[in-house]
file protein22.csv (CSV, C-alpha atoms)
chain,number,residue,atom,x,y,z
A,410,MET,CA,-9.3,9.8,-26.9
A,411,VAL,CA,-7.2,12.9,-26.1
A,412,LEU,CA,-6.7,15.4,-28.9
A,413,GLN,CA,-3.2,16.7,-28.7
A,414,MET,CA,-0.2,17.7,-30.8
A,415,GLY,CA,0.4,15.0,-33.4
A,416,SER,CA,-3.2,13.8,-33.4
A,417,PRO,CA,-5.0,13.7,-36.8
A,418,ALA,CA,-7.2,16.8,-37.1
A,419,PRO,CA,-10.9,16.1,-36.6
A,420,SER,CA,-13.3,16.9,-39.4
A,421,ILE,CA,-15.2,20.2,-39.7
A,422,LYS,CA,-18.9,19.6,-39.1
A,423,VAL,CA,-20.8,22.9,-38.9
A,424,GLU,CA,-24.4,24.0,-39.6
A,425,ASN,CA,-23.6,27.1,-41.8
A,426,TRP,CA,-20.8,28.9,-43.5
A,427,LEU,CA,-21.5,32.6,-43.0
A,428,ARG,CA,-18.4,33.9,-44.8
A,429,GLY,CA,-16.2,32.2,-47.4
A,430,GLU,CA,-16.6,28.9,-49.3
A,431,PRO,CA,-17.5,25.8,-47.3
A,432,LEU,CA,-14.6,23.6,-46.4
A,433,THR,CA,-15.2,19.9,-47.0
A,434,SER,CA,-11.7,18.6,-45.9
A,435,PHE,CA,-8.2,19.8,-45.0
A,436,GLN,CA,-6.0,19.8,-48.1
A,437,PRO,CA,-2.5,18.4,-47.9
A,438,GLY,CA,0.2,21.0,-48.1
A,439,LYS,CA,-1.9,23.7,-46.5
A,440,VAL,CA,-1.8,25.0,-42.9
A,441,TYR,CA,-5.1,25.7,-41.2
A,442,ILE,CA,-5.9,27.7,-38.1
A,443,VAL,CA,-9.3,26.7,-36.6
A,444,GLU,CA,-10.3,29.5,-34.2
A,445,PHE,CA,-13.1,28.9,-31.6
A,446,TRP,CA,-14.6,32.3,-30.6
A,447,ALA,CA,-17.9,34.1,-29.8
A,448,THR,CA,-19.2,37.7,-30.2
A,449,TRP,CA,-19.8,38.1,-26.4
A,450,CYS,CA,-16.1,37.1,-25.6
A,451,GLY,CA,-14.0,40.3,-25.3
A,452,PRO,CA,-10.6,38.6,-25.9
A,453,CYS,CA,-12.1,36.8,-28.9
A,454,VAL,CA,-13.2,40.0,-30.5
A,455,ASP,CA,-9.9,41.7,-29.7
A,456,ALA,CA,-8.1,38.9,-31.5
A,457,MET,CA,-10.1,39.2,-34.7
A,458,PRO,CA,-7.9,42.0,-36.3
A,459,HIS,CA,-4.8,40.0,-35.5
A,460,LEU,CA,-6.2,37.0,-37.2
A,461,MET,CA,-7.0,39.0,-40.3
A,462,GLN,CA,-3.5,40.3,-40.3
A,463,LEU,CA,-2.1,36.8,-40.1
A,464,GLN,CA,-4.4,35.6,-42.9
A,465,GLU,CA,-3.2,38.5,-45.1
A,466,LYS,CA,0.5,37.9,-44.2
A,467,TYR,CA,0.6,34.2,-44.7
A,468,ARG,CA,-2.0,33.6,-47.4
A,469,ASP,CA,0.6,33.0,-50.1
A,470,SER,CA,2.3,30.5,-47.7
A,471,GLY,CA,-0.8,28.3,-47.8
A,472,VAL,CA,-2.4,29.4,-44.5
A,473,GLU,CA,-6.2,29.4,-44.2
A,474,ILE,CA,-8.0,30.6,-41.1
A,475,ILE,CA,-11.4,29.2,-40.1
A,476,GLY,CA,-13.5,31.0,-37.5
A,477,VAL,CA,-15.9,28.7,-35.6
A,478,ALA,CA,-18.7,30.4,-33.7
A,479,ALA,CA,-19.9,27.5,-31.6
A,480,SER,CA,-20.9,29.4,-28.4
A,481,GLU,CA,-23.3,32.1,-29.4
A,482,ASN,CA,-26.0,33.1,-26.9
A,483,ALA,CA,-29.6,33.3,-28.2
A,484,PRO,CA,-33.0,31.7,-27.6
A,485,THR,CA,-32.8,29.8,-30.9
A,486,ALA,CA,-30.2,28.7,-33.4
A,487,ASP,CA,-31.8,30.8,-36.1
A,488,GLU,CA,-31.7,33.9,-33.9
A,489,ALA,CA,-28.1,33.2,-33.0
A,490,ARG,CA,-27.1,32.7,-36.6
A,491,SER,CA,-28.9,35.9,-37.7
A,492,ASN,CA,-27.4,37.9,-34.8
A,493,LEU,CA,-23.9,36.7,-35.7
A,494,ASP,CA,-24.4,37.5,-39.4
A,495,ALA,CA,-25.5,41.0,-38.6
A,496,TRP,CA,-22.6,41.5,-36.1
A,497,LEU,CA,-20.0,40.4,-38.6
A,498,THR,CA,-21.5,42.8,-41.2
A,499,GLU,CA,-21.4,45.7,-38.7
A,500,LYS,CA,-18.0,45.0,-37.0
A,501,PHE,CA,-15.9,43.1,-39.6
A,502,SER,CA,-17.4,43.8,-43.1
A,503,ASN,CA,-13.9,43.2,-44.5
A,504,LEU,CA,-13.4,39.8,-42.9
A,505,ASN,CA,-10.8,37.9,-45.0
A,506,PHE,CA,-11.2,34.4,-43.7
A,507,ARG,CA,-13.9,31.7,-43.5
A,508,MET,CA,-16.5,31.9,-40.8
A,509,ALA,CA,-18.6,29.0,-39.7
A,510,PHE,CA,-21.6,28.7,-37.3
A,511,ASP,CA,-22.5,25.7,-35.2
A,512,SER,CA,-25.1,25.5,-32.4
A,513,THR,CA,-25.4,21.7,-32.3
A,514,GLY,CA,-22.4,21.1,-30.1
A,515,GLU,CA,-20.8,18.9,-32.7
A,516,MET,CA,-17.7,21.0,-33.2
A,517,LYS,CA,-17.2,21.3,-29.4
A,518,LYS,CA,-17.4,17.5,-29.1
A,519,LEU,CA,-14.9,17.0,-32.0
A,520,TRP,CA,-12.4,19.7,-31.1
A,521,MET,CA,-12.8,21.4,-27.7
A,522,GLU,CA,-13.8,18.6,-25.4
A,523,PRO,CA,-11.2,15.9,-26.4
A,524,SER,CA,-8.4,18.5,-26.3
A,525,PHE,CA,-9.4,19.7,-22.7
A,526,SER,CA,-10.1,23.2,-24.1
A,527,PHE,CA,-12.5,25.0,-21.8
A,528,TRP,CA,-12.1,28.6,-22.7
A,529,ILE,CA,-12.3,30.8,-25.8
A,530,PRO,CA,-10.6,32.0,-27.8
A,531,THR,CA,-8.8,28.8,-28.6
A,532,SER,CA,-6.7,28.3,-31.7
A,533,PHE,CA,-6.0,24.9,-33.3
A,534,VAL,CA,-3.2,24.8,-35.9
A,535,VAL,CA,-3.4,22.0,-38.4
A,536,ASP,CA,-0.1,21.1,-40.0
A,537,ARG,CA,0.5,20.5,-43.7
A,538,ASP,CA,0.0,16.7,-43.2
A,539,GLY,CA,-3.4,17.2,-41.5
A,540,HIS,CA,-2.2,16.7,-37.9
A,541,ILE,CA,-2.6,19.0,-34.9
A,542,ALA,CA,0.5,21.1,-34.5
A,543,PHE,CA,-0.7,23.6,-31.8
A,544,ILE,CA,-3.6,24.1,-29.3
A,545,GLY,CA,-3.7,27.4,-27.4
A,546,GLY,CA,-4.5,31.1,-27.4
A,547,PRO,CA,-4.2,33.2,-30.6
A,548,ALA,CA,-1.6,35.4,-29.0
A,549,LYS,CA,0.9,32.6,-29.4
A,550,LEU,CA,0.3,32.3,-33.2
A,551,ASP,CA,2.9,34.9,-34.1
A,552,GLU,CA,5.6,32.8,-32.5
A,553,VAL,CA,4.3,29.3,-33.5
A,554,LEU,CA,3.1,29.8,-37.1
A,555,PRO,CA,6.4,30.5,-38.8
A,556,LYS,CA,7.9,27.3,-37.1
A,557,VAL,CA,4.9,25.3,-38.3
A,558,LEU,CA,5.3,26.6,-41.8
A,559,ASN,CA,9.0,25.6,-41.9
A,560,GLY,CA,8.3,22.2,-40.4
A,561,SER,CA,10.3,22.7,-37.2
A,562,TRP,CA,7.6,23.2,-34.6
A,563,ARG,CA,6.2,19.7,-33.9
A,564,SER,CA,9.6,18.1,-33.4
A,565,SER,CA,10.9,20.9,-31.1
A,566,ASP,CA,11.4,20.4,-27.4
A,567,GLU,CA,9.5,23.7,-26.9
A,568,ALA,CA,6.4,22.4,-28.6
A,569,LYS,CA,6.4,19.0,-26.8
A,570,ALA,CA,6.9,20.7,-23.4
A,571,ALA,CA,4.1,23.3,-24.1
A,572,ASP,CA,1.6,20.6,-25.1
A,573,LYS,CA,2.6,18.4,-22.1
A,574,GLU,CA,2.1,21.3,-19.7
A,575,ARG,CA,-1.3,22.2,-21.3
A,576,ILE,CA,-2.6,18.7,-20.9
A,577,ALA,CA,-1.3,18.5,-17.3
A,578,GLU,CA,-3.1,21.7,-16.4
A,579,SER,CA,-6.4,20.9,-18.2
A,580,GLU,CA,-6.9,17.2,-17.5
A,581,PRO,CA,-8.0,17.6,-13.9
A,582,ILE,CA,-10.6,20.2,-15.0
A,583,ALA,CA,-11.9,17.8,-17.6
A,584,ARG,CA,-12.2,15.0,-15.0
A,585,GLU,CA,-14.1,17.3,-12.7
A,586,GLN,CA,-16.4,18.5,-15.5
A,587,ALA,CA,-17.2,14.9,-16.4
A,588,LEU,CA,-18.2,14.2,-12.8
A,589,THR,CA,-20.2,17.4,-12.3
A,590,LYS,CA,-22.1,17.4,-15.6
A,591,PRO,CA,-24.9,15.0,-14.7
A,592,ILE,CA,-25.2,16.5,-11.2
A,593,ASN,CA,-25.6,20.0,-12.7
A,594,ALA,CA,-28.1,18.8,-15.2
A,595,ARG,CA,-30.2,17.2,-12.5
A,596,PHE,CA,-29.9,20.3,-10.3
A,597,ARG,CA,-30.9,22.7,-13.0
A,598,ALA,CA,-33.9,20.6,-14.0
A,599,ALA,CA,-35.1,20.5,-10.4
A,600,VAL,CA,-34.7,24.3,-9.9
A,601,LYS,CA,-36.6,25.0,-13.1
A,602,THR,CA,-39.7,23.1,-11.6
A,603,GLU,CA,-39.0,24.5,-8.1
A,604,ASP,CA,-38.5,20.9,-6.8
A,605,TRP,CA,-36.2,22.1,-4.0
A,606,LYS,CA,-35.9,18.6,-2.4
A,607,THR,CA,-34.5,17.1,-5.5
A,608,ALA,CA,-32.3,20.1,-6.2
A,609,ARG,CA,-30.9,19.8,-2.6
A,610,SER,CA,-30.3,16.1,-3.0
A,611,ALA,CA,-28.4,16.7,-6.3
A,612,ILE,CA,-26.2,19.5,-4.9
A,613,GLU,CA,-25.4,17.6,-1.7
A,614,GLU,CA,-24.3,14.7,-3.9
A,615,GLY,CA,-22.0,17.1,-5.7
A,616,ILE,CA,-20.5,18.4,-2.4
A,617,ALA,CA,-19.9,14.8,-1.2
A,618,LEU,CA,-18.1,14.2,-4.4
A,619,LEU,CA,-16.2,17.5,-4.6
A,620,PRO,CA,-16.2,19.2,-1.2
A,621,ASP,CA,-13.9,22.0,-2.4
A,622,ASN,CA,-16.1,23.0,-5.4
A,623,LEU,CA,-17.1,26.6,-4.6
A,624,ASN,CA,-20.0,26.5,-7.1
A,625,PHE,CA,-21.6,23.6,-5.3
A,626,ARG,CA,-21.1,25.2,-1.9
A,627,LEU,CA,-22.7,28.5,-3.1
A,628,ALA,CA,-25.6,26.7,-4.8
A,629,HIS,CA,-26.2,24.7,-1.6
A,630,ALA,CA,-26.3,27.8,0.7
A,631,ASN,CA,-28.4,29.8,-1.8
A,632,LEU,CA,-30.9,27.0,-2.1
A,633,VAL,CA,-31.3,26.3,1.6
A,634,LEU,CA,-31.2,29.9,2.8
A,635,HIS,CA,-33.0,31.8,0.0
A,636,LYS,CA,-35.2,29.2,-1.7
A,637,MET,CA,-36.2,26.8,1.1
A,638,HIS,CA,-35.8,29.4,3.9
A,639,ASP,CA,-34.5,26.6,6.2
A,640,MET,CA,-32.5,28.6,8.8
A,641,TRP,CA,-32.0,25.5,11.0
A,642,THR,CA,-29.9,23.9,8.2
A,643,GLY,CA,-28.8,27.1,6.5
A,644,LEU,CA,-27.0,28.9,9.5
A,645,PRO,CA,-24.5,26.1,10.1
A,646,LEU,CA,-23.9,26.0,6.3
A,647,MET,CA,-23.1,29.7,6.2
A,648,HIS,CA,-20.9,29.5,9.3
A,649,GLN,CA,-18.9,26.7,7.6
A,650,LEU,CA,-18.7,28.6,4.3
A,651,VAL,CA,-17.4,31.6,6.1
A,652,ARG,CA,-14.9,29.6,8.1
A,653,ASP,CA,-13.6,27.8,5.0
A,654,ALA,CA,-13.3,31.0,3.0
A,655,ILE,CA,-11.2,32.6,5.8
A,656,ASP,CA,-9.1,29.5,6.3
A,657,ARG,CA,-8.3,29.4,2.6
A,658,ASN,CA,-7.4,33.1,2.7
A,659,SER,CA,-9.3,33.3,-0.6
A,660,GLU,CA,-10.7,36.6,-1.7
A,661,ASP,CA,-13.0,34.9,-4.2
A,662,TRP,CA,-14.5,32.6,-1.5
A,663,MET,CA,-14.9,35.5,0.9
A,664,ILE,CA,-16.6,37.7,-1.7
A,665,ALA,CA,-19.0,34.8,-2.5
A,666,ALA,CA,-19.9,34.3,1.2
A,667,LEU,CA,-20.5,38.0,1.6
A,668,GLU,CA,-22.9,38.0,-1.4
A,669,GLN,CA,-25.0,35.3,0.4
A,670,LEU,CA,-25.2,37.5,3.5
A,671,PHE,CA,-25.7,41.0,2.0
A,672,GLN,CA,-26.8,40.9,-1.6
A,673,PRO,CA,-30.0,43.0,-1.6
A,674,ASN,CA,-31.5,40.7,-4.2
A,675,TYR,CA,-31.8,38.0,-1.5
A,676,ASP,CA,-34.5,38.0,1.3
A,677,HIS,CA,-32.6,38.1,4.6
A,678,SER,CA,-35.7,38.7,6.8
A,679,ARG,CA,-35.5,35.3,8.4
A,680,PHE,CA,-31.8,35.5,9.0
A,681,PRO,CA,-30.8,36.3,12.6
A,682,SER,CA,-29.4,39.8,12.3
A,683,ALA,CA,-26.7,39.5,14.9
A,684,GLU,CA,-25.2,36.4,13.3
A,685,ARG,CA,-25.4,37.9,9.8
A,686,PHE,CA,-23.6,41.0,10.8
A,687,ALA,CA,-21.0,39.2,12.8
A,688,MET,CA,-20.1,37.0,9.8
A,689,GLY,CA,-20.1,40.0,7.5
A,690,LYS,CA,-17.7,41.9,9.8
A,691,GLU,CA,-15.3,39.0,10.0
A,692,LEU,CA,-15.3,38.5,6.2
A,693,SER,CA,-14.9,42.2,5.4
A,694,GLU,CA,-12.0,42.6,7.8
A,695,HIS,CA,-10.2,39.7,6.3
A,696,ILE,CA,-10.7,40.9,2.7
A,697,LEU,CA,-9.3,44.3,3.7
A,698,VAL,CA,-6.3,42.7,5.2
A,699,LEU,CA,-5.8,40.5,2.2
A,700,ASN,CA,-6.4,43.5,-0.2
A,701,PRO,CA,-5.7,46.6,1.8
A,702,PRO,CA,-6.9,50.1,0.7
A,703,GLN,CA,-3.3,51.3,0.4
A,704,GLY,CA,-2.2,48.3,-1.6
A,705,GLU,CA,-2.0,48.0,-5.4
A,706,GLY,CA,-4.4,45.1,-5.8
A,707,PRO,CA,-7.6,45.6,-7.8
A,708,LYS,CA,-10.4,46.8,-5.6
A,709,PHE,CA,-13.3,46.5,-8.1
A,710,TRP,CA,-14.0,42.8,-7.4
A,711,SER,CA,-14.2,42.7,-3.7
A,712,TYR,CA,-14.8,46.2,-2.4
A,713,PRO,CA,-18.4,46.6,-3.6
A,714,ALA,CA,-19.4,43.5,-1.5
A,715,VAL,CA,-17.5,44.9,1.5
A,716,ALA,CA,-19.1,48.3,1.0
A,717,ARG,CA,-22.6,46.8,1.1
A,718,TYR,CA,-21.8,45.3,4.5
A,719,TYR,CA,-20.5,48.6,5.9
A,720,HIS,CA,-23.5,50.5,4.5
A,721,GLU,CA,-26.0,48.1,5.9
A,722,SER,CA,-24.3,48.1,9.3
A,723,GLY,CA,-24.6,51.9,9.4
A,724,ASN,CA,-21.0,53.0,8.5
A,725,LYS,CA,-22.0,55.0,5.4
A,726,ASP,CA,-18.7,56.9,5.2
A,727,ARG,CA,-16.7,53.7,5.1
A,728,ALA,CA,-18.9,52.3,2.3
A,729,ILE,CA,-18.4,55.5,0.2
A,730,GLU,CA,-14.7,55.3,0.7
A,731,LEU,CA,-14.5,51.7,-0.5
A,732,ILE,CA,-16.6,52.4,-3.6
A,733,GLU,CA,-14.4,55.4,-4.5
A,734,LEU,CA,-11.3,53.2,-4.1
A,735,ALA,CA,-13.0,50.6,-6.4
A,736,LEU,CA,-13.7,53.2,-9.0
A,737,THR,CA,-10.1,54.5,-8.8
A,738,SER,CA,-8.7,51.0,-9.3
A,739,LEU,CA,-10.5,50.7,-12.7
A,740,ASP,CA,-7.9,53.2,-13.9
A,741,GLY,CA,-5.1,51.5,-12.0
A,742,PRO,CA,-1.6,50.6,-13.2
A,743,GLU,CA,-2.8,47.2,-14.5
A,744,PRO,CA,-5.1,47.8,-17.5
A,745,ILE,CA,-8.4,46.0,-17.6
A,746,PRO,CA,-10.4,45.1,-20.8
A,747,ASP,CA,-12.7,47.9,-21.9
A,748,LYS,CA,-15.7,45.6,-21.9
A,749,LEU,CA,-15.1,44.7,-18.3
A,750,LYS,CA,-14.7,48.3,-17.3
A,751,GLN,CA,-17.9,49.2,-19.2
A,752,HIS,CA,-19.7,46.5,-17.2
A,753,LEU,CA,-18.4,47.4,-13.8
A,754,LEU,CA,-18.4,51.2,-14.0
A,755,PRO,CA,-22.2,51.8,-14.1
A,756,GLU,CA,-22.9,49.6,-11.1
A,757,LEU,CA,-20.1,51.2,-9.0
A,758,LEU,CA,-21.3,54.7,-9.9
A,759,GLN,CA,-24.9,53.7,-9.0
A,760,ALA,CA,-23.8,52.3,-5.6
A,761,LEU,CA,-21.8,55.5,-4.9
A,762,ALA,CA,-24.8,57.7,-5.8
A,763,ASN,CA,-27.1,55.6,-3.5
A,764,TYR,CA,-24.6,55.7,-0.6
A,765,LYS,CA,-24.0,59.5,-1.0
A,766,ASP,CA,-27.7,60.2,-1.8
A,767,GLU,CA,-26.6,62.6,-4.6
A,768,LYS,CA,-25.7,62.6,-8.2
A,769,VAL,CA,-22.1,61.4,-9.0
A,770,CYS,CA,-20.0,61.3,-12.1
A,771,HIS,CA,-17.0,59.5,-13.4
A,772,GLY,CA,-15.8,61.1,-16.6
A,773,ALA,CA,-18.7,61.4,-18.9
A,774,LEU,CA,-20.9,58.8,-17.1
A,775,CYS,CA,-23.2,60.0,-14.2
A,776,ALA,CA,-25.7,58.3,-11.9
A,777,ALA,CA,-28.4,59.6,-9.7
A,778,PRO,CA,-29.7,57.9,-6.5
A,779,GLN,CA,-32.2,55.1,-7.1
A,780,LYS,CA,-34.2,53.9,-4.1
A,781,ASN,CA,-35.1,50.4,-5.4
A,782,PHE,CA,-31.8,49.7,-7.2
A,783,LEU,CA,-30.9,46.0,-7.1
A,784,PRO,CA,-27.4,45.2,-8.3
A,785,LYS,CA,-26.7,42.0,-10.2
A,786,VAL,CA,-25.2,39.2,-8.2
A,787,SER,CA,-21.5,39.7,-8.6
A,788,LYS,CA,-19.7,37.3,-10.9
A,789,ARG,CA,-16.4,36.0,-9.6
A,790,ARG,CA,-13.3,37.1,-11.5
A,791,PRO,CA,-12.6,35.0,-14.6
call {"tool": "encode", "arguments": {"input": "protein22.csv", "output": "structure tokens"}}
result
Amino acid sequence: MVLQMGSPAPSIKVENWLRGEPLTSFQPGKVYIVEFWATWCGPCVDAMPHLMQLQEKYRDSGVEIIGVAASENAPTADEARSNLDAWLTEKFSNLNFRMAFDSTGEMKKLWMEPSFSFWIPTSFVVDRDGHIAFIGGPAKLDEVLPKVLNGSWRSSDEAKAADKERIAESEPIAREQALTKPINARFRAAVKTEDWKTARSAIEEGIALLPDNLNFRLAHANLVLHKMHDMWTGLPLMHQLVRDAIDRNSEDWMIAALEQLFQPNYDHSRFPSAERFAMGKELSEHILVLNPPQGEGPKFWSYPAVARYYHESGNKDRAIELIELALTSLDGPEPIPDKLKQHLLPELLQALANYKDEKVCHGALCAAPQKNFLPKVSKRRP
């Protein structure tokens, strides 16, 4: 059953209450904000002071905020809970709203999944009568909350249109996730035991079902080329991945294909050199046309991959130029989150130091050449 505006609010089933008194049920006449977040999520952390301000501002109006940490990363639930408790003590010792912890997945099943909510932070506003009034990002709460409090929000055309649009955008993703979940589970289990034949069968089933799913296509190429070392099958796969990326004119697809060809973490010793560099040249040239050096588009996503191609093909000066442009774009006209910048800057500096074969600095951060430096496989932009 779809959880949407007007639906009765699900119950709160959590493992622990780390801050504030436990909440057993929603009280009539009060408005609740149930906020799903995580300590590793930059936008979630950035939203915390805003939520504290809202709690202070609207406390006398009957508003209560409930933080739900249901996506913490740790080997065990006990460790996740302990880390979260320590993090809250250090970062938000003056937290003024309830904070719950859940690692069982129960809260996700009750709230996130039936509402087609796939990202955090996600805010659920529960109206005075215990029904869902709003589902969305916390940035919208300043606009929505006063209307919920005066009773005008749920009946407004604006609210109905927003919820209809949210469901229309999210429902296809939910259907795809339902289809891919068992395939992904089978694939991960097979990879864990290095049962490459079963893993390949699972991923090929996924591609047959969803041929435009980039994650399946990348997993297939990586498995065949870098785990099974099957060049007979892998070369046509790579040629098709490159062709599809260029035909789509998609920077993300082209970056992903370049990573398969030039990431130093992968063993390319069995890959025919001429074919690898020909594909790399074609992809790199298309990326630079799509996101030209003189253009204003961000360079820090794609240029490191293109620079690796040029450096390995012997054009060291071009590789240095591209990394320098990527570094410059970190301080471009469109601001990027500090956490993302802190993640990207050290690797860009390290690449520049290696390509120049000398120490380089960017502000207070410096890097010296490292002969055996292996960068992480790039994550596609969020």
call {"tool": "atom_distance", "arguments": {"input": "protein22.csv", "atom1": "atom CA of A:Cys775", "atom2": "atom CA of A:Gly723"}}
result
25.0 Å
call {"tool": "residues_around", "arguments": {"input": "protein22.csv", "residues": "stretch 513-525 of chain A", "least_positions_apart": "3", "cutoff": "8 Å", "atoms": "all atoms listed in the file", "output": "list in words"}}
result
Met410, Val411, Leu412, Gln413, Pro419, Ser420, Ile421, Lys422, Val423, Glu424, Ala479, Ile544, Ile576, Ser579, Glu580, Ile582 and Ala583 of chain A
call {"tool": "closest_residue", "arguments": {"input": "protein22.csv", "among": "A:Gln669, A:Thr448, A:Gln586, A:Gln779", "to": "A:Leu758", "atoms": "only C-alpha atoms"}}
result
A:Gln779
call {"tool": "closest_residue", "arguments": {"input": "protein22.csv", "among": "A:Ala608, A:Ile474, A:Leu757, A:Val600", "to": "A:Ser738", "atoms": "all atoms listed in the file"}}
result
A:Leu757
call {"tool": "closest_residue", "arguments": {"input": "protein22.csv", "among": "A:Ala577, A:Leu427, A:Val472, A:Ala598", "to": "A:Leu504", "atoms": "all atoms listed in the file"}}
result
A:Leu427
call {"tool": "atom_distance", "arguments": {"input": "protein22.csv", "atom1": "atom CA of A:Cys453", "atom2": "atom CA of A:Ala568"}}
result
23.4 Å
call {"tool": "atom_distance", "arguments": {"input": "protein22.csv", "atom1": "atom CA of A:His695", "atom2": "atom CA of A:Asn724"}}
result
17.3 Å
call {"tool": "closest_residue", "arguments": {"input": "protein22.csv", "among": "A:His677, A:Lys439, A:Arg490, A:Arg727", "to": "A:Gly643", "atoms": "all atoms listed in the file"}}
result
A:His677
call {"tool": "residues_around", "arguments": {"input": "protein22.csv", "residues": "A:Asp726", "least_positions_apart": "6", "cutoff": "10 Å", "atoms": "only C-alpha atoms", "output": "PyMOL selection string"}}
result
chain A and resi 716+719-720+764-765
call {"tool": "residues_around", "arguments": {"input": "protein22.csv", "residues": "A:Arg563", "least_positions_apart": "6", "cutoff": "8 Å", "atoms": "only C-alpha atoms", "output": "PyMOL selection string"}}
result
chain A and resi 414-415+542+557+569
call {"tool": "decode", "arguments": {"input": "protein22.csv", "residues": "stretch 652-674 of chain A", "atoms": "C-alpha atoms", "output": "short mmCIF file (atom, residue, chain, number, x, y, z; two decimals), in the first residue's frame"}}
result
data_model
loop_
_atom_site.label_atom_id
_atom_site.label_comp_id
_atom_site.auth_asym_id
_atom_site.auth_seq_id
_atom_site.Cartn_x
_atom_site.Cartn_y
_atom_site.Cartn_z
CA ARG A 652 29.23 2.79 -28.05
CA ASP A 653 26.14 3.05 -25.82
CA ALA A 654 27.79 5.69 -23.61
CA ILE A 655 28.66 7.84 -26.62
CA ASP A 656 25.28 7.35 -28.28
CA ARG A 657 23.59 8.46 -25.06
CA ASN A 658 25.93 11.47 -24.88
CA SER A 659 26.05 10.72 -21.14
CA GLU A 660 29.06 11.95 -19.17
CA ASP A 661 28.30 9.47 -16.38
CA TRP A 662 28.24 6.50 -18.77
CA MET A 663 31.45 7.64 -20.47
CA ILE A 664 33.26 8.12 -17.16
CA ALA A 665 32.15 4.65 -16.06
CA ALA A 666 33.45 3.10 -19.30
CA LEU A 667 36.79 4.91 -18.94
CA GLU A 668 37.13 3.56 -15.41
CA GLN A 669 36.86 0.01 -16.73
CA LEU A 670 39.64 0.75 -19.22
CA PHE A 671 42.12 2.81 -17.20
CA GLN A 672 41.54 2.47 -13.45
CA PRO A 673 44.94 1.39 -12.09
CA ASN A 674 43.21 -0.81 -9.52
#
